[in-house]
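Below: the structure, in structure tokens.
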Amino acid sequence: MIKSKAVISDGNGQYHLDNIEVGECADDEVLIKIAAAGICHTDWDSIQTWNKPFIVGHEGAGWVQAVGSKVTKVAVGDKVILNWAIPCGECFQCREGNVHICETNSPVCGCGLAGHAKIESSTHNQQPIERSFHLGTMSEYAIVKQAAVVKLNHEIPFAAASIIGCGVMTGWGSVVNAANVKAGASVCVIGCGGVGLNAIQGAKNSGAAKIIAIDISEDRLAQAKEFGATHGIIASKDDTDFIDVKAQVRALTHGRGADYAFECTAIPALGSAPLALIRSAGTAVQVSGIEQRIDFDCELFEWDKIYINPLYGMCNPERDFTRILDLYQQGELKLEELVTKTYKIEDIAEGFDDLLHGRIAKGVVVFEHHEFFEPNEY
């Protein structure tokens with residue numbers, strides 16, 4: 001058994017840093033020594049709303065430390081990126097090419113724990129404990145299914161690689177895979193945090209002619225332009241119907257509205273906002289995963305508008321992670337620049353605080369592997 005530091009959610013809206021023990025891999029499992037783990041809003045939301053103990057974290061990268069007897073895609077010593085949308089390859093959705101919504105393994109499609117490495121391989125206080133999104137990356141070590149790893153063959157810092165597996169993929173993939181933005185198109189991106197910046201990058205990679213960033217922060221708009229935005233619009237917190245924003249977007253798009261608009265804020269009141277910004281027969285995309293009830297004014301759909309809610313940028317990990325890394329290597333996609341700040345695992349409270357107060361585009365925990373330590377309570 002390996003002793004490992006880990007961030008543990010208690011199932012009651014609190015978390016703490018403690019020791020876990022990690023055991024041996026089953027036949028189709030891989031032991032990963034985590035080098036870096038991204039800090040995501042979903043991590044915080046899961047701590048607040050999941051009513052069970054679990055190891056926090058679903059973005060990560062590291063080294064393969066051990067493999068089960070039936071593992072063929074990676075070997076000990078390989079560098080890997082972790083992927084939480086774990087395909088089984090055999091269900092209806094996987095056969096349709098929708099591996100991100102696998103009917104057998106998906107942790108967000110009501111599929112239970114089929115994609116989870118055996119629960120007994122990680123214990124906390126001598127009790128088996130689940131791992132967030134079947135991964136639990138805020139731990140020095142994690143055992144996962146081999147389908148949850150993608151071999152990393154590019155030269156890239158682990159901190160930058162770790163965020164590909166959710167924040168980058170969700171924003172970039174929503175533009176490139178889900179909306180299939182056309183070259184020369186006009187695009188609005190609402191919210192210029194980590195996911196929004198990657199939507200902007202996806203629009204730039206797709207050849208969009210006009211990329212309009214929308215945020216309440218001048219600083220975020222300035223950063224958005226560094227990532228490819230051609231225009232910036234400051235939104236007012238009081239303008240939830242986007243009346244003023246809509247007028248400015250129309251002024252930039254020949255009076256008709258944008259071809260595409262992407263909501264990246266996770267604010268329920270803005271769930272219908274992209275519909276207000278697109279032209280007739282345009283496409284609105286809800287990127288951020290709003291799950292609360294939203295009441296729509298049906299006039300927003302006039303006429304022939306499309307509204308989609310893709311999961312995880314319709315990710316195919318083996319295909320898309322390589323595409324993202326190739327663009328990074330060619331200088332066409334920024335990854336290191338997304339990482340605003342790095343933290344030790346002992347400083348996770350600071351990381352969450354920076355996240356919740358909008359001080360960072362993306363924060364990453366970088367691990368320093370040491371011996372057994374004394375728990376810290378938050």
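Every chain in the structure tokens takes a letter, A first, then B, and so on in the order presented; its residues are numbered from 1, and the ligands are numbered from 1 following the presented order.
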
Residue set, range 265-335 of chain A restricted to strand (DSSP E or B), as a VMD selection string: chain A and resid 278 to 286 306 to 308

Show me, as JSON lines, the residues of range 139-160 of chain A having an atom within 7 Å of range 80-103 of chain A, each with the closest atom pair and its distance in Å, using only C-alpha atoms.
{"residue": "A:Ala147", "atom": "CA", "partner": "A:Ile86", "partner_atom": "CA", "distance": 5.7}
{"residue": "A:Ala148", "atom": "CA", "partner": "A:Asn83", "partner_atom": "CA", "distance": 4.9}
{"residue": "A:Val149", "atom": "CA", "partner": "A:Leu82", "partner_atom": "CA", "distance": 4.7}
{"residue": "A:Val150", "atom": "CA", "partner": "A:Ile81", "partner_atom": "CA", "distance": 5.3}
{"residue": "A:Lys151", "atom": "CA", "partner": "A:Val80", "partner_atom": "CA", "distance": 4.4}
{"residue": "A:Leu152", "atom": "CA", "partner": "A:Val80", "partner_atom": "CA", "distance": 4.8}

Pull N, CA and C atoms from the residues just selected and write them as a tab-separated table (two decimals), in the first residue's frame.
chain	number	residue	atom	x	y	z
A	147	ALA	N	-8.63	3.06	-19.85
A	147	ALA	CA	-9.35	3.93	-20.79
A	147	ALA	C	-9.37	5.38	-20.32
A	148	ALA	N	-8.97	5.64	-19.07
A	148	ALA	CA	-8.99	7.00	-18.52
A	148	ALA	C	-7.68	7.73	-18.74
A	149	VAL	N	-6.72	7.13	-19.45
A	149	VAL	CA	-5.45	7.81	-19.68
A	149	VAL	C	-5.16	7.92	-21.18
A	150	VAL	N	-4.52	9.02	-21.54
A	150	VAL	CA	-4.05	9.24	-22.91
A	150	VAL	C	-2.55	9.50	-22.82
A	151	LYS	N	-1.79	8.73	-23.56
A	151	LYS	CA	-0.33	8.85	-23.52
A	151	LYS	C	0.10	10.22	-24.02
A	152	LEU	N	1.03	10.82	-23.31
A	152	LEU	CA	1.53	12.16	-23.60
A	152	LEU	C	2.88	12.04	-24.30

Spatial neighbours of Ala247 in chain A, 9 Å, only C-alpha atoms, chain gap at least 6 places, as a count of residues only: 3

Residues of range 76-286 of chain A in helix (DSSP H, G or I), written as a PyMOL selection string: chain A and resi 92-95+99-101+119-121+132-134+146-148+158-165+167-179+194-205+218-226+243-252+268-270+273-277

Shell around Ala235 in chain A at 9 Å using only C-alpha atoms, local window under 5 positions removed, as an NGL selection string: :A and (214-217 or 240 or 242 or 244-245)

Could you write those residues out with all heavy atoms, as an mmCIF file, in the first residue's frame?
data_model
loop_
_atom_site.group_PDB
_atom_site.id
_atom_site.type_symbol
_atom_site.label_atom_id
_atom_site.label_comp_id
_atom_site.auth_asym_id
_atom_site.auth_seq_id
_atom_site.Cartn_x
_atom_site.Cartn_y
_atom_site.Cartn_z
ATOM 1 N N ILE A 214 -17.111 38.848 -24.167
ATOM 2 C CA ILE A 214 -18.056 39.589 -23.328
ATOM 3 C C ILE A 214 -17.809 39.219 -21.872
ATOM 4 O O ILE A 214 -17.824 38.042 -21.506
ATOM 5 C CB ILE A 214 -19.506 39.252 -23.724
ATOM 6 C CG1 ILE A 214 -19.734 39.600 -25.205
ATOM 7 C CG2 ILE A 214 -20.502 39.982 -22.828
ATOM 8 C CD1 ILE A 214 -20.964 38.962 -25.804
ATOM 9 N N ASP A 215 -17.572 40.220 -21.030
ATOM 10 C CA ASP A 215 -17.301 39.965 -19.618
ATOM 11 C C ASP A 215 -17.584 41.239 -18.833
ATOM 12 O O ASP A 215 -17.742 42.322 -19.416
ATOM 13 C CB ASP A 215 -15.844 39.508 -19.420
ATOM 14 C CG ASP A 215 -15.647 38.672 -18.167
ATOM 15 O OD1 ASP A 215 -15.685 39.240 -17.054
ATOM 16 O OD2 ASP A 215 -15.445 37.454 -18.281
ATOM 17 N N ILE A 216 -17.642 41.095 -17.514
ATOM 18 C CA ILE A 216 -17.837 42.270 -16.654
ATOM 19 C C ILE A 216 -16.505 42.881 -16.235
ATOM 20 O O ILE A 216 -16.478 43.923 -15.585
ATOM 21 C CB ILE A 216 -18.661 41.920 -15.403
ATOM 22 C CG1 ILE A 216 -17.953 40.844 -14.576
ATOM 23 C CG2 ILE A 216 -20.068 41.482 -15.781
ATOM 24 C CD1 ILE A 216 -18.621 40.555 -13.236
ATOM 25 N N SER A 217 -15.392 42.241 -16.607
ATOM 26 C CA SER A 217 -14.064 42.669 -16.164
ATOM 27 C C SER A 217 -13.225 43.155 -17.341
ATOM 28 O O SER A 217 -13.035 42.431 -18.328
ATOM 29 C CB SER A 217 -13.345 41.504 -15.467
ATOM 30 O OG SER A 217 -11.962 41.758 -15.331
ATOM 31 N N THR A 240 -29.155 41.559 -17.248
ATOM 32 C CA THR A 240 -29.236 40.100 -17.391
ATOM 33 C C THR A 240 -29.910 39.680 -18.685
ATOM 34 O O THR A 240 -29.698 38.562 -19.164
ATOM 35 C CB THR A 240 -29.991 39.479 -16.197
ATOM 36 O OG1 THR A 240 -31.263 40.116 -16.072
ATOM 37 C CG2 THR A 240 -29.198 39.641 -14.910
ATOM 38 N N PHE A 242 -29.279 41.161 -21.431
ATOM 39 C CA PHE A 242 -28.271 41.514 -22.439
ATOM 40 C C PHE A 242 -28.810 42.484 -23.497
ATOM 41 O O PHE A 242 -28.447 42.394 -24.675
ATOM 42 C CB PHE A 242 -27.735 40.238 -23.099
ATOM 43 C CG PHE A 242 -26.488 39.717 -22.433
ATOM 44 C CD1 PHE A 242 -26.270 39.911 -21.084
ATOM 45 C CD2 PHE A 242 -25.524 39.033 -23.158
ATOM 46 C CE1 PHE A 242 -25.126 39.427 -20.464
ATOM 47 C CE2 PHE A 242 -24.373 38.544 -22.548
ATOM 48 C CZ PHE A 242 -24.180 38.746 -21.201
ATOM 49 N N ASP A 244 -28.255 45.786 -23.750
ATOM 50 C CA ASP A 244 -27.173 46.649 -24.228
ATOM 51 C C ASP A 244 -26.118 45.845 -24.988
ATOM 52 O O ASP A 244 -25.628 46.277 -26.036
ATOM 53 C CB ASP A 244 -26.527 47.380 -23.047
ATOM 54 C CG ASP A 244 -25.455 48.348 -23.498
ATOM 55 O OD1 ASP A 244 -25.752 49.208 -24.348
ATOM 56 O OD2 ASP A 244 -24.313 48.245 -23.017
ATOM 57 N N VAL A 245 -25.798 44.657 -24.464
ATOM 58 C CA VAL A 245 -24.812 43.805 -25.138
ATOM 59 C C VAL A 245 -25.314 43.419 -26.527
ATOM 60 O O VAL A 245 -24.563 43.435 -27.517
ATOM 61 C CB VAL A 245 -24.515 42.542 -24.295
ATOM 62 C CG1 VAL A 245 -23.629 41.577 -25.077
ATOM 63 C CG2 VAL A 245 -23.847 42.919 -22.988
#

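Counting only C-alpha atoms, the residue from A:Pro157, A:Gly289, A:Gly57, A:Gly207 that sits nearest to Asn180 in chain A is A:Gly207.
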
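Atom to atom, CA of Ser162 in chain A and CA of Ile211 in chain A stand 26.4 Å apart.
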
Residues near Ile294 in chain A, cut-off 8 Å, only C-alpha atoms, skip fewer than 3 positions along chain, as a list of chain:residue names: A:Pro268, A:Ala269, A:Gly271, A:Ser272

Once you have the residues from the selection above, write them out as an mmCIF file, in the first residue's frame, restricted to all heavy atoms.
data_model
loop_
_atom_site.group_PDB
_atom_site.id
_atom_site.type_symbol
_atom_site.label_atom_id
_atom_site.label_comp_id
_atom_site.auth_asym_id
_atom_site.auth_seq_id
_atom_site.Cartn_x
_atom_site.Cartn_y
_atom_site.Cartn_z
ATOM 1 N N PRO A 268 -26.986 30.747 -14.075
ATOM 2 C CA PRO A 268 -28.285 30.372 -14.641
ATOM 3 C C PRO A 268 -29.022 31.519 -15.319
ATOM 4 O O PRO A 268 -29.679 31.320 -16.350
ATOM 5 C CB PRO A 268 -29.050 29.840 -13.426
ATOM 6 C CG PRO A 268 -27.986 29.320 -12.514
ATOM 7 C CD PRO A 268 -26.834 30.265 -12.683
ATOM 8 N N ALA A 269 -28.919 32.733 -14.773
ATOM 9 C CA ALA A 269 -29.618 33.878 -15.361
ATOM 10 C C ALA A 269 -29.141 34.187 -16.773
ATOM 11 O O ALA A 269 -29.839 34.867 -17.540
ATOM 12 C CB ALA A 269 -29.434 35.108 -14.472
ATOM 13 N N GLY A 271 -28.325 31.725 -18.950
ATOM 14 C CA GLY A 271 -28.484 30.519 -19.755
ATOM 15 C C GLY A 271 -29.088 30.772 -21.120
ATOM 16 O O GLY A 271 -28.764 30.089 -22.097
ATOM 17 N N SER A 272 -29.964 31.769 -21.221
ATOM 18 C CA SER A 272 -30.584 32.077 -22.510
ATOM 19 C C SER A 272 -29.856 33.189 -23.259
ATOM 20 O O SER A 272 -30.210 33.511 -24.399
ATOM 21 C CB SER A 272 -32.048 32.480 -22.306
ATOM 22 O OG SER A 272 -32.149 33.662 -21.530
#

Residue contacts of Ile348 in chain A (9 Å, only C-alpha atoms) excluding same-chain residues fewer than 3 positions away, as a VMD selection string: chain A and resid 7 17 39 343 to 345 351 to 353 365

Selected residue of minimal separation from Ala178 in chain A among A:Lys210, A:Met314, A:Trp44, A:Lys362, counting only C-alpha atoms: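 Closest to Ala178 in chain A of all the choices is A:Met314.
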
Selection: 12 Å around Asp326 in chain A, only C-alpha atoms, excl. self and same-chain fewer than 4 positions, as a list in words: Leu152, Asn153, His154, Glu155, Ile156, Asn205, Arg319, Asp320, Phe321, Thr322, Gln330, Gly331, Glu332, Leu333, Lys334 and Leu335 of chain A

Selected residue, from A:Val285, A:Val56, A:Ile8, A:Val144, that lies nearest to His124 in chain A when counting only C-alpha atoms: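 Of A:Val285, A:Val56, A:Ile8, A:Val144, the one nearest His124 in chain A is A:Ile8, counting only C-alpha atoms.
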
Given only C-alpha atoms as the counted atoms, nearest of A:Thr104, A:Cys192, A:Gln201, A:Ala183 to Glu218 in chain A: A:Cys192

Interatomic distance (Å, one decimal) between CA of Ile243 in chain A and CA of Asp259 in chain A: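 About the pair CA of Ile243 in chain A and CA of Asp259 in chain A: they are 17.8 Å apart.
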
Between CA of Phe367 in chain A and CA of Lys73 in chain A, distance in Å (one decimal):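 So the answer is 24.9 Å.
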
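Minimum atom-to-atom distance to Ala261 in chain A, evaluated using only C-alpha atoms, belongs to A:Val175 out of A:Ser132, A:Ala222, A:Thr170, A:Val175.
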